[in-house]
>>> print(open('model24.txt').read())   # compact mmCIF, C-alpha atoms
# COMPACT_ATOMS: atom_id res chain seq x y z
CA MET A 1 -9.67 25.97 -0.08
CA MET A 2 -13.34 25.21 0.30
CA GLN A 3 -14.54 23.64 3.49
CA ALA A 4 -16.59 20.50 3.45
CA PRO A 5 -19.85 20.60 5.36
CA ALA A 6 -19.59 19.47 8.94
CA ASP A 7 -20.03 15.71 9.25
CA ARG A 8 -23.21 14.52 10.81
CA ALA A 9 -22.73 12.68 14.08
CA LEU A 10 -22.34 8.96 13.64
CA SER A 11 -25.38 6.93 14.54
CA PRO A 12 -25.20 4.97 17.82
CA ALA A 13 -25.02 1.75 15.82
CA THR A 14 -22.06 3.01 13.78
CA THR A 15 -20.30 4.21 16.90
CA VAL A 16 -20.72 0.78 18.48
CA ALA A 17 -19.51 -0.86 15.25
CA THR A 18 -16.41 1.38 15.24
CA TRP A 19 -15.50 0.31 18.76
CA ALA A 20 -16.22 -3.32 17.89
CA LEU A 21 -13.87 -3.16 14.90
CA LEU A 22 -11.14 -1.61 17.05
CA VAL A 23 -11.56 -4.26 19.75
CA PHE A 24 -11.47 -6.98 17.09
CA ARG A 25 -8.16 -5.56 15.85
CA VAL A 26 -6.79 -5.75 19.39
CA ILE A 27 -7.81 -9.41 19.53
CA VAL A 28 -6.14 -10.10 16.16
CA VAL A 29 -2.85 -8.42 17.06
CA SER A 30 -2.87 -10.15 20.46
CA SER A 31 -3.23 -13.52 18.75
CA VAL A 32 -0.18 -12.73 16.64
CA VAL A 33 1.89 -11.57 19.60
CA LEU A 34 0.94 -14.66 21.58
CA GLY A 35 2.01 -16.89 18.71
CA THR A 36 -1.12 -18.36 17.18
CA PRO A 37 -0.13 -21.70 15.58
CA HIS A 38 0.33 -21.69 11.83
CA TYR A 39 0.38 -17.90 11.67
CA PRO A 40 2.46 -16.83 8.61
CA THR A 41 5.83 -15.38 9.62
CA SER A 42 7.79 -14.98 6.38
CA THR A 43 8.46 -11.26 6.89
CA SER A 44 9.52 -11.50 10.52
CA ASP A 45 11.75 -14.46 9.59
CA ARG A 46 13.37 -12.41 6.82
CA TYR A 47 13.79 -9.41 9.12
CA THR A 48 15.54 -11.64 11.66
CA GLN A 49 17.82 -12.98 8.94
CA VAL A 50 18.71 -9.49 7.70
CA ALA A 51 19.33 -8.18 11.24
CA HIS A 52 21.72 -11.03 12.07
CA GLU A 53 23.47 -11.24 8.70
CA PRO A 54 27.21 -10.53 9.08
CA GLY A 55 28.66 -7.79 6.92
CA ARG A 56 27.33 -4.49 5.65
CA PRO A 57 23.93 -4.50 3.94
CA TYR A 58 24.02 -3.90 0.18
CA ALA A 59 27.82 -3.85 0.05
CA ASP A 60 28.50 -7.30 1.54
CA VAL A 61 25.04 -8.84 1.55
CA GLU A 62 22.27 -8.27 -0.99
CA VAL A 63 19.16 -6.75 0.56
CA GLU A 64 15.83 -6.05 -1.15
CA TYR A 65 14.82 -3.37 1.33
CA ALA A 66 15.17 0.40 0.91
CA PRO A 67 16.92 2.20 3.82
CA GLY A 68 13.75 2.89 5.80
CA GLU A 69 12.58 -0.70 5.72
CA LEU A 70 16.13 -1.89 6.39
CA GLY A 71 15.95 0.18 9.58
CA VAL A 72 12.62 -1.43 10.45
CA ALA A 73 14.05 -4.88 9.73
CA THR A 74 17.09 -4.25 11.91
CA LEU A 75 14.97 -2.95 14.77
CA VAL A 76 12.30 -5.64 14.56
CA GLY A 77 14.61 -8.57 13.85
CA SER A 78 17.35 -7.85 16.37
CA GLY A 79 16.17 -10.58 18.74
CA SER A 80 14.64 -14.01 18.20
CA THR A 81 12.14 -14.88 15.50
CA SER A 82 9.29 -14.93 18.01
CA GLN A 83 10.31 -11.49 19.26
CA ALA A 84 10.45 -10.27 15.65
CA ARG A 85 6.92 -11.57 15.04
CA SER A 86 5.60 -9.75 18.10
CA ARG A 87 7.44 -6.50 17.41
CA LEU A 88 6.32 -6.43 13.80
CA ALA A 89 2.70 -7.06 14.81
CA LEU A 90 2.75 -4.26 17.38
CA LEU A 91 4.43 -1.87 14.94
CA ALA A 92 1.88 -2.63 12.21
CA PHE A 93 -0.98 -2.27 14.70
CA ALA A 94 0.34 1.09 15.89
CA ALA A 95 0.60 2.26 12.26
CA ASP A 96 -2.96 1.06 11.66
CA LEU A 97 -4.16 3.21 14.55
CA VAL A 98 -2.19 6.21 13.25
CA ALA A 99 -3.89 5.87 9.87
CA PHE A 100 -7.31 5.50 11.53
CA PHE A 101 -6.92 8.53 13.80
CA THR A 102 -5.44 10.60 10.97
CA LEU A 103 -8.50 9.93 8.83
CA ARG A 104 -10.78 10.62 11.79
CA ARG A 105 -9.15 13.93 12.70
CA TYR A 106 -8.35 15.39 9.29
CA TRP A 107 -11.22 13.94 7.23
CA SER A 108 -14.19 12.54 9.16
CA ARG A 109 -15.34 9.88 11.58
CA ALA A 110 -17.34 8.24 8.79
CA ILE A 111 -14.21 7.89 6.64
CA ALA A 112 -12.27 6.48 9.59
CA PHE A 113 -15.06 3.94 10.19
CA ARG A 114 -14.97 3.03 6.49
CA TYR A 115 -11.22 2.47 6.76
CA LEU A 116 -11.78 -0.03 9.58
CA TRP A 117 -14.36 -2.21 7.86
CA LEU A 118 -12.54 -2.12 4.53
CA GLY A 119 -9.53 -3.70 6.22
CA LEU A 120 -11.43 -6.68 7.62
CA PRO A 121 -10.53 -9.15 4.81
CA LEU A 122 -6.84 -8.36 5.30
CA LEU A 123 -6.57 -8.91 9.04
CA LEU A 124 -5.28 -12.45 8.59
CA PHE A 125 -1.96 -11.10 7.35
CA MET A 126 -2.07 -7.31 7.81
CA TYR A 127 -0.11 -7.35 11.07
CA ARG A 128 2.63 -9.62 9.79
CA ARG A 129 3.90 -6.98 7.34
CA SER A 130 5.28 -3.45 7.59
CA ASP A 131 3.13 -2.00 4.78
CA LEU A 132 0.86 -0.18 7.22
CA VAL A 133 3.82 1.88 8.42
CA VAL A 134 4.25 3.43 4.97
CA VAL A 135 0.49 3.79 4.53
CA ALA A 136 0.26 5.70 7.81
CA MET A 137 3.17 7.98 6.92
CA SER A 138 1.73 8.70 3.49
CA VAL A 139 -1.79 9.58 4.59
CA LEU A 140 -0.43 11.64 7.50
CA ALA A 141 1.86 13.54 5.12
CA ILE A 142 -1.05 14.47 2.87
CA ALA A 143 -3.17 15.39 5.88
CA VAL A 144 -0.71 17.70 7.63
CA SER A 145 0.11 19.48 4.37
CA ARG A 146 -3.50 20.69 4.42
CA ARG A 147 -2.68 22.33 7.76
CA ARG A 148 0.28 24.15 6.20
CA ARG A 149 2.88 22.02 7.96
CA SER A 150 5.06 21.91 4.88
CA ALA A 151 8.32 20.71 6.40
CA THR A 152 6.63 17.90 8.32
CA ALA A 153 4.57 16.82 5.31
CA GLY A 154 7.48 16.83 2.87
CA SER A 155 9.74 15.01 5.28
CA LEU A 156 7.13 12.36 6.11
CA LEU A 157 6.46 11.52 2.48
CA ALA A 158 10.19 11.44 1.73
CA VAL A 159 10.78 8.98 4.56
CA ALA A 160 7.86 6.90 3.25
CA VAL A 161 9.48 6.81 -0.21
CA LEU A 162 12.84 5.91 1.28
CA THR A 163 11.07 3.03 3.01
CA ARG A 164 8.90 1.60 0.24
CA LEU A 165 9.32 3.73 -2.93
CA TRP A 166 5.66 3.56 -4.02
CA PRO A 167 4.43 6.72 -2.20
CA ALA A 168 6.38 8.77 -4.78
CA ILE A 169 3.33 8.44 -7.07
CA LEU A 170 1.38 10.63 -4.60
CA THR A 171 3.57 13.73 -5.06
CA PRO A 172 1.43 15.10 -7.94
CA ILE A 173 -1.12 16.02 -5.26
CA TRP A 174 1.19 18.79 -4.15
CA LEU A 175 2.08 19.76 -7.70
CA ILE A 176 -1.59 20.19 -8.59
CA GLU A 177 -2.38 21.98 -5.33
CA ARG A 178 0.72 24.18 -5.84
CA ARG A 179 2.23 23.29 -2.51
CA VAL A 180 5.73 24.26 -3.51
CA ARG A 181 7.28 24.12 -0.04
CA GLU A 182 6.21 20.53 0.47
CA LEU A 183 7.71 19.57 -2.87
CA TRP A 184 11.02 21.29 -2.11
CA VAL A 185 11.29 19.65 1.31
CA PHE A 186 10.32 16.28 -0.17
CA ALA A 187 12.91 16.62 -2.95
CA ALA A 188 15.67 17.71 -0.56
CA VAL A 189 15.08 14.96 2.01
CA THR A 190 14.69 12.30 -0.68
CA ALA A 191 17.84 13.40 -2.53
CA GLY A 192 19.81 13.48 0.71
CA GLY A 193 18.51 10.04 1.64
CA VAL A 194 19.37 8.52 -1.74
CA PHE A 195 22.87 10.05 -1.60
CA ALA A 196 23.45 8.65 1.89
CA TRP A 197 22.03 5.31 0.77
CA ALA A 198 24.40 5.08 -2.21
CA ALA A 199 27.35 6.24 -0.08
CA PHE A 200 26.62 3.54 2.51
CA GLY A 201 25.77 0.61 0.28
CA GLY A 202 27.19 1.57 -3.11
CA VAL A 203 25.36 2.28 -6.35
CA ASP A 204 24.39 -1.38 -6.60
CA ALA A 205 22.18 -0.90 -3.55
CA LEU A 206 19.65 0.88 -5.77
CA ARG A 207 19.62 -2.06 -8.19
CA GLN A 208 19.13 -4.59 -5.41
CA VAL A 209 15.97 -2.85 -4.23
CA SER A 210 14.51 -1.90 -7.61
CA SER A 211 15.02 -5.45 -8.96
CA PHE A 212 14.19 -7.22 -5.68
CA ARG A 213 17.68 -8.76 -5.50
CA GLY A 214 17.91 -9.37 -9.23
CA ALA A 215 14.68 -11.34 -9.66
CA THR A 216 13.93 -12.27 -13.28
CA GLY A 217 10.42 -13.73 -13.14
CA TRP A 218 6.89 -12.40 -12.85
CA GLU A 219 5.44 -12.77 -9.38
CA LEU A 220 2.61 -15.32 -9.50
CA GLU A 221 0.03 -12.86 -8.20
CA SER A 222 0.84 -10.05 -10.66
CA THR A 223 -1.38 -9.13 -13.60
CA VAL A 224 0.90 -10.80 -16.14
CA GLY A 225 2.26 -13.43 -13.76
CA VAL A 226 -1.03 -15.14 -13.01
CA ILE A 227 -1.70 -15.50 -16.75
CA VAL A 228 1.78 -16.89 -17.43
CA TRP A 229 1.38 -19.26 -14.49
CA ALA A 230 -2.00 -20.47 -15.76
CA LEU A 231 -0.71 -20.99 -19.31
CA THR A 232 2.60 -22.66 -18.45
CA GLY A 233 2.03 -24.18 -15.02
CA GLU A 234 5.63 -23.24 -14.20
CA HIS A 235 6.51 -21.56 -10.93
CA ARG A 236 9.49 -21.32 -8.61
CA PHE A 237 10.65 -19.57 -5.45
CA GLU A 238 13.05 -16.79 -6.42
CA SER A 239 14.41 -13.88 -4.37
CA GLY A 240 11.85 -14.24 -1.62
CA ALA A 241 8.72 -14.63 -3.76
CA ASN A 242 6.89 -17.18 -5.90
CA ARG A 243 7.55 -16.37 -9.54
CA THR A 244 6.89 -17.70 -13.01
CA GLY A 245 8.38 -17.19 -16.48
CA HIS A 246 10.95 -14.56 -17.36
CA ILE A 247 10.59 -10.79 -17.74
CA PRO A 248 12.30 -9.73 -20.99
CA ASP A 249 14.07 -6.37 -21.10
CA TRP A 250 11.58 -4.95 -23.58
CA ALA A 251 8.71 -5.80 -21.25
CA SER A 252 10.32 -3.92 -18.37
CA LEU A 253 10.71 -0.83 -20.56
CA PHE A 254 7.17 -1.16 -21.89
CA LEU A 255 5.70 -1.46 -18.40
CA LEU A 256 7.62 1.60 -17.24
CA ILE A 257 6.32 3.67 -20.17
CA LEU A 258 2.81 2.34 -19.61
CA LEU A 259 2.95 3.16 -15.90
CA VAL A 260 4.15 6.72 -16.46
CA SER A 261 1.59 7.31 -19.20
CA LEU A 262 -1.31 6.04 -17.13
CA LEU A 263 -0.23 7.99 -14.05
CA VAL A 264 -0.02 11.17 -16.13
CA LEU A 265 -3.59 10.55 -17.33
CA VAL A 266 -4.83 9.83 -13.81
CA TRP A 267 -3.33 12.96 -12.29
CA TRP A 268 -4.28 15.12 -15.29
CA LYS A 269 -7.89 14.03 -14.84
CA GLY A 270 -7.62 14.69 -11.11
CA SER A 271 -6.35 18.21 -11.75
CA ARG A 272 -9.49 18.98 -13.78
CA GLY A 273 -11.94 17.70 -11.19
CA SER A 274 -13.31 19.11 -7.96
CA SER A 275 -12.96 16.14 -5.62
CA ASP A 276 -10.31 15.61 -2.97
CA LEU A 277 -7.18 14.38 -4.73
CA ALA A 278 -6.50 12.05 -1.79
CA GLY A 279 -9.66 10.16 -2.71
CA ALA A 280 -10.50 8.61 -6.06
CA THR A 281 -7.47 10.09 -7.84
CA SER A 282 -4.98 8.64 -5.35
CA LEU A 283 -6.91 5.36 -5.37
CA ALA A 284 -6.67 5.18 -9.17
CA ALA A 285 -2.95 6.06 -9.06
CA VAL A 286 -2.12 3.31 -6.55
CA ALA A 287 -4.32 0.81 -8.41
CA THR A 288 -2.48 1.69 -11.63
CA LEU A 289 0.85 0.93 -9.98
CA LEU A 290 -0.42 -2.43 -8.73
CA VAL A 291 -1.83 -3.38 -12.13
CA VAL A 292 1.33 -2.55 -14.08
CA SER A 293 3.89 -3.86 -11.59
CA PRO A 294 5.51 -7.28 -12.23
CA LEU A 295 5.47 -7.73 -8.45
CA LEU A 296 2.12 -7.85 -6.67
CA SER A 297 2.31 -9.58 -3.32
CA PRO A 298 -0.98 -9.88 -1.38
CA GLN A 299 0.05 -7.27 1.20
CA TYR A 300 0.38 -4.61 -1.50
CA VAL A 301 -3.39 -4.17 -1.59
CA ILE A 302 -3.05 -2.65 1.90
CA TRP A 303 -1.73 0.45 0.10
CA LEU A 304 -5.26 1.06 -1.23
CA LEU A 305 -7.02 1.28 2.14
CA PRO A 306 -7.02 5.00 3.08
CA TRP A 307 -7.66 6.19 -0.46
CA ILE A 308 -10.68 3.89 -0.85
CA ALA A 309 -12.02 5.19 2.45
CA ILE A 310 -11.63 8.82 1.38
CA ALA A 311 -12.97 8.21 -2.14
CA GLY A 312 -16.08 6.58 -0.69
CA ARG A 313 -17.16 9.90 0.77
CA SER A 314 -17.84 11.49 -2.61
CA ALA A 315 -19.09 8.37 -4.42
CA ARG A 316 -20.34 5.22 -2.72
CA ARG A 317 -19.29 3.04 -5.62
CA TRP A 318 -15.58 3.57 -4.84
CA SER A 319 -16.10 1.80 -1.52
CA ILE A 320 -17.72 -1.12 -3.32
CA MET A 321 -15.18 -1.28 -6.15
CA GLY A 322 -12.28 -0.88 -3.75
CA PHE A 323 -13.56 -3.57 -1.41
CA VAL A 324 -13.59 -6.22 -4.15
CA PRO A 325 -9.78 -6.61 -4.54
CA LEU A 326 -9.41 -6.55 -0.75
CA LEU A 327 -11.98 -9.30 -0.33
CA LEU A 328 -10.55 -11.48 -3.12
CA THR A 329 -7.01 -11.06 -1.79
CA GLY A 330 -8.14 -12.02 1.70
CA THR A 331 -9.93 -15.05 0.26
CA VAL A 332 -6.93 -16.44 -1.59
CA VAL A 333 -4.54 -15.75 1.30
CA ALA A 334 -6.90 -17.55 3.68
CA GLY A 335 -6.76 -20.52 1.35
CA TRP A 336 -2.97 -20.53 1.40
CA TYR A 337 -2.38 -20.00 5.10
CA LEU A 338 -5.27 -22.01 6.51
CA ASP A 339 -4.53 -24.99 4.25
CA LEU A 340 -7.93 -24.87 2.58
CA ALA A 341 -6.37 -26.39 -0.55
CA LEU A 342 -8.24 -24.41 -3.17
CA GLY A 343 -5.99 -25.82 -5.89
CA ALA A 344 -3.91 -24.01 -8.50
CA GLY A 345 -6.86 -23.51 -10.87
CA ARG A 346 -9.06 -21.82 -8.25
CA ASP A 347 -6.13 -19.75 -6.95
CA GLN A 348 -5.41 -18.54 -10.46
CA LEU A 349 -9.06 -17.68 -11.06
CA ILE A 350 -9.37 -15.70 -7.83
CA LEU A 351 -6.12 -13.84 -8.49
CA PHE A 352 -7.16 -13.10 -12.07
CA LEU A 353 -10.48 -11.68 -10.83
CA ARG A 354 -8.65 -9.68 -8.15
CA ASN A 355 -6.36 -8.17 -10.78
CA ALA A 356 -9.32 -7.52 -13.08
CA SER A 357 -11.02 -5.63 -10.24
CA LEU A 358 -7.93 -3.40 -9.93
CA VAL A 359 -8.02 -2.76 -13.67
CA ALA A 360 -11.72 -1.88 -13.32
CA ILE A 361 -10.86 0.83 -10.78
CA VAL A 362 -8.41 2.47 -13.19
CA VAL A 363 -10.79 2.20 -16.14
CA ALA A 364 -13.75 3.51 -14.14
CA TYR A 365 -11.73 6.53 -13.07
CA LEU A 366 -10.35 7.37 -16.50
CA LEU A 367 -13.51 6.91 -18.57
CA PRO A 368 -15.85 9.90 -18.04
CA SER A 369 -18.98 7.99 -18.97
CA ILE A 370 -18.27 5.41 -16.27
CA ALA A 371 -16.90 7.92 -13.78
CA ARG A 372 -20.24 9.72 -13.36
CA ASP A 373 -21.98 8.42 -10.28
CA PRO A 374 -25.52 9.36 -9.31
CA THR A 375 -24.67 8.70 -5.64
CA ALA A 376 -21.86 11.28 -5.65
CA SER A 377 -22.34 13.88 -2.96
CA ALA A 378 -22.43 17.50 -3.90
CA GLY A 379 -19.54 19.83 -3.21
CA ARG A 380 -15.81 19.38 -3.00
CA ASP A 381 -14.74 16.40 -0.90
CA VAL A 382 -11.76 17.84 0.95
CA VAL A 383 -10.11 17.86 4.32
CA ARG A 384 -11.54 20.31 6.77
CA VAL A 385 -9.07 23.12 7.48
>>> encode(input="model24.txt", output="structure tokens")
Amino acid sequence: MMQAPADRALSPATTVATWALLVFRVIVVSSVVLGTPHYPTSTSDRYTQVAHEPGRPYADVEVEYAPGELGVATLVGSGSTSQARSRLALLAFAADLVAFFTLRRYWSRAIAFRYLWLGLPLLLFMYRRSDLVVVAMSVLAIAVSRRRRSATAGSLLAVAVLTRLWPAILTPIWLIERRVRELWVFAAVTAGGVFAWAAFGGVDALRQVSSFRGATGWELESTVGVIVWALTGEHRFESGANRTGHIPDWASLFLLILLVSLLVLVWWKGSRGSSDLAGATSLAAVATLLVVSPLLSPQYVIWLLPWIAIAGRSARRWSIMGFVPLLLTGTVVAGWYLDLALGAGRDQLILFLRNASLVAIVVAYLLPSIARDPTASAGRDVVRV
């Protein structure tokens, strides 16, 4: 594997900005732990409910969480709701730091700094969710595989998949890079986890998670959902999320075929390029999943963070394009949680533009004429080994 040139030392101003961003994160997580009024707590409330629910998860009580997140929910929600809020915030903050230091150690200080400022629009809600835990595990798995720690890498990504499913779309990195040991470990741990999961909760446990407890509608924020919501005005709270309309069986099949087809194209294009697959290719793959999914909660854009940061090293435009959906998501969430009363029409417009910006990332990656960037740096953008 080629080595990237040594990173130039960060300027004093950038070093100060890095520390300022870290301190600001400490202030944000402290405000959550201390119980800032009106801070959104839907996840910690749900975790508390799941942890105190009598009966066996999946078998006696329907649960939308995969085994890994069920473990997080049980751990975080075992006490009171205020304790759950604090524990979840500290866990998410710790995961945020793991992702930051992983990028700093295995990629560069500039990429780690980029990761910090990219996350600014999401800080209002980033520490009230567990998404950063899976993000940290995923980026760490890809990083340590470059250091030939195959068992650790494969196991980490498998645990990430058994927690949130979506990191499975990152496995083509190892297929393209011919990291067979990582793939075997990943497959073995994942298969063992799924078998134990089904044995514990029954086969229906898989359905409960994949269908989000049997939900039938499009989530309001999804690519299709925001259009259906705008056209019909109908919405309802179903299975823990705001939804609209009804997803017909043919649409589910079509979206699955579309997702697989687009992911094949994304990874095929990545295999023919010379850039780090953890950068623009992974960014395009995750953006594809978000665009096609009938479920697109605001926190899902957190999944994009490390890949945008890495992609920005080889082409500045990825930082700009990737920042747009983060900024628009932060804007609409601020409106909801700070009672700014944007109104349904403005919410729909912002969400539509956010989704369009995700589509733009996929299109820009797949179309060669758009993909060329005069600001791209020379050489292969890879982890230093």
>>> residues_around(input="model24.txt", residues="Glu62 (chain A)", least_positions_apart="2", cutoff="7 Å", atoms="only C-alpha atoms", output="ChimeraX atom specification")
/A:57-58,60,64,208,213
>>> closest_residue(input="model24.txt", among="A:Leu289, A:Val226, A:Ala309, A:Met137", to="Gly68 (chain A)", atoms="only C-alpha atoms")
A:Met137
>>> closest_residue(input="model24.txt", among="A:Val29, A:Val264, A:Val324, A:Ile257", to="Ser357 (chain A)", atoms="all atoms listed in the file")
A:Val324
>>> residues_around(input="model24.txt", residues="His246 (chain A)", least_positions_apart="2", cutoff="7 Å", atoms="only C-alpha atoms", output="JSON, numbers by chain")
{"A": [216, 217, 218, 244, 248]}
>>> atom_distance(input="model24.txt", atom1="CA of Thr223 (chain A)", atom2="CA of Val194 (chain A)")
29.7 Å
>>> closest_residue(input="model24.txt", among="A:Pro325, A:Pro121, A:Gly335, A:Pro67", to="Ala158 (chain A)", atoms="only C-alpha atoms")
A:Pro67
>>> closest_residue(input="model24.txt", among="A:Gln299, A:Glu53, A:Arg164, A:Thr152", to="Tyr127 (chain A)", atoms="all atoms listed in the file")
A:Gln299
>>> residues_around(input="model24.txt", residues="region 178-193 of chain A", least_positions_apart="6", cutoff="10 Å", atoms="all atoms listed in the file", output="mmCIF file with C-alpha atoms, keeping the file's coordinate frame")
data_model
loop_
_atom_site.group_PDB
_atom_site.id
_atom_site.type_symbol
_atom_site.label_atom_id
_atom_site.label_comp_id
_atom_site.auth_asym_id
_atom_site.auth_seq_id
_atom_site.Cartn_x
_atom_site.Cartn_y
_atom_site.Cartn_z
ATOM 1 C CA PRO A 67 16.920 2.200 3.820
ATOM 2 C CA GLY A 68 13.750 2.890 5.800
ATOM 3 C CA ALA A 141 1.860 13.540 5.120
ATOM 4 C CA ILE A 142 -1.050 14.470 2.870
ATOM 5 C CA SER A 145 0.110 19.480 4.370
ATOM 6 C CA ARG A 146 -3.500 20.690 4.420
ATOM 7 C CA ARG A 148 0.280 24.150 6.200
ATOM 8 C CA ARG A 149 2.880 22.020 7.960
ATOM 9 C CA SER A 150 5.060 21.910 4.880
ATOM 10 C CA ALA A 151 8.320 20.710 6.400
ATOM 11 C CA THR A 152 6.630 17.900 8.320
ATOM 12 C CA ALA A 153 4.570 16.820 5.310
ATOM 13 C CA GLY A 154 7.480 16.830 2.870
ATOM 14 C CA SER A 155 9.740 15.010 5.280
ATOM 15 C CA LEU A 156 7.130 12.360 6.110
ATOM 16 C CA LEU A 157 6.460 11.520 2.480
ATOM 17 C CA ALA A 158 10.190 11.440 1.730
ATOM 18 C CA VAL A 159 10.780 8.980 4.560
ATOM 19 C CA ALA A 160 7.860 6.900 3.250
ATOM 20 C CA VAL A 161 9.480 6.810 -0.210
ATOM 21 C CA LEU A 162 12.840 5.910 1.280
ATOM 22 C CA ALA A 168 6.380 8.770 -4.780
ATOM 23 C CA THR A 171 3.570 13.730 -5.060
ATOM 24 C CA PRO A 172 1.430 15.100 -7.940
ATOM 25 C CA ALA A 199 27.350 6.240 -0.080
#
>>> axis_aligned_box(input="model24.txt", around="region 280-298 of chain A", padding_each_side="5 Å", output="JSON")
{"center_x": -2.5, "center_y": 0.1, "center_z": -7.7, "size_x": 26.0, "size_y": 30.0, "size_z": 22.7}
>>> residues_around(input="model24.txt", residues="Ser11 (chain A)", least_positions_apart="5", cutoff="10 Å", atoms="all atoms listed in the file", output="list in words")
Val16, Ala17 and Ala110 of chain A
>>> residues_around(input="model24.txt", residues="Glu221 (chain A)", least_positions_apart="6", cutoff="8 Å", atoms="all atoms listed in the file", output="JSON list (two decimals) with C-alpha atoms, keeping the file's coordinate frame")
[["chain", "number", "residue", "atom", "x", "y", "z"],
["A", 295, "LEU", "CA", 5.47, -7.73, -8.45],
["A", 296, "LEU", "CA", 2.12, -7.85, -6.67],
["A", 297, "SER", "CA", 2.31, -9.58, -3.32],
["A", 298, "PRO", "CA", -0.98, -9.88, -1.38],
["A", 351, "LEU", "CA", -6.12, -13.84, -8.49]]
>>> closest_residue(input="model24.txt", among="A:Phe254, A:Phe101, A:Phe212, A:Phe24", to="Ala241 (chain A)", atoms="only C-alpha atoms")
A:Phe212
>>> atom_distance(input="model24.txt", atom1="CA of Ala198 (chain A)", atom2="CA of Tyr47 (chain A)")
21.2 Å
>>> closest_residue(input="model24.txt", among="A:Ser30, A:Ser108, A:Ser252, A:Thr74", to="Leu90 (chain A)", atoms="all atoms listed in the file")
A:Ser30
>>> atom_distance(input="model24.txt", atom1="CA of Ser271 (chain A)", atom2="CA of Val144 (chain A)")
20.2 Å
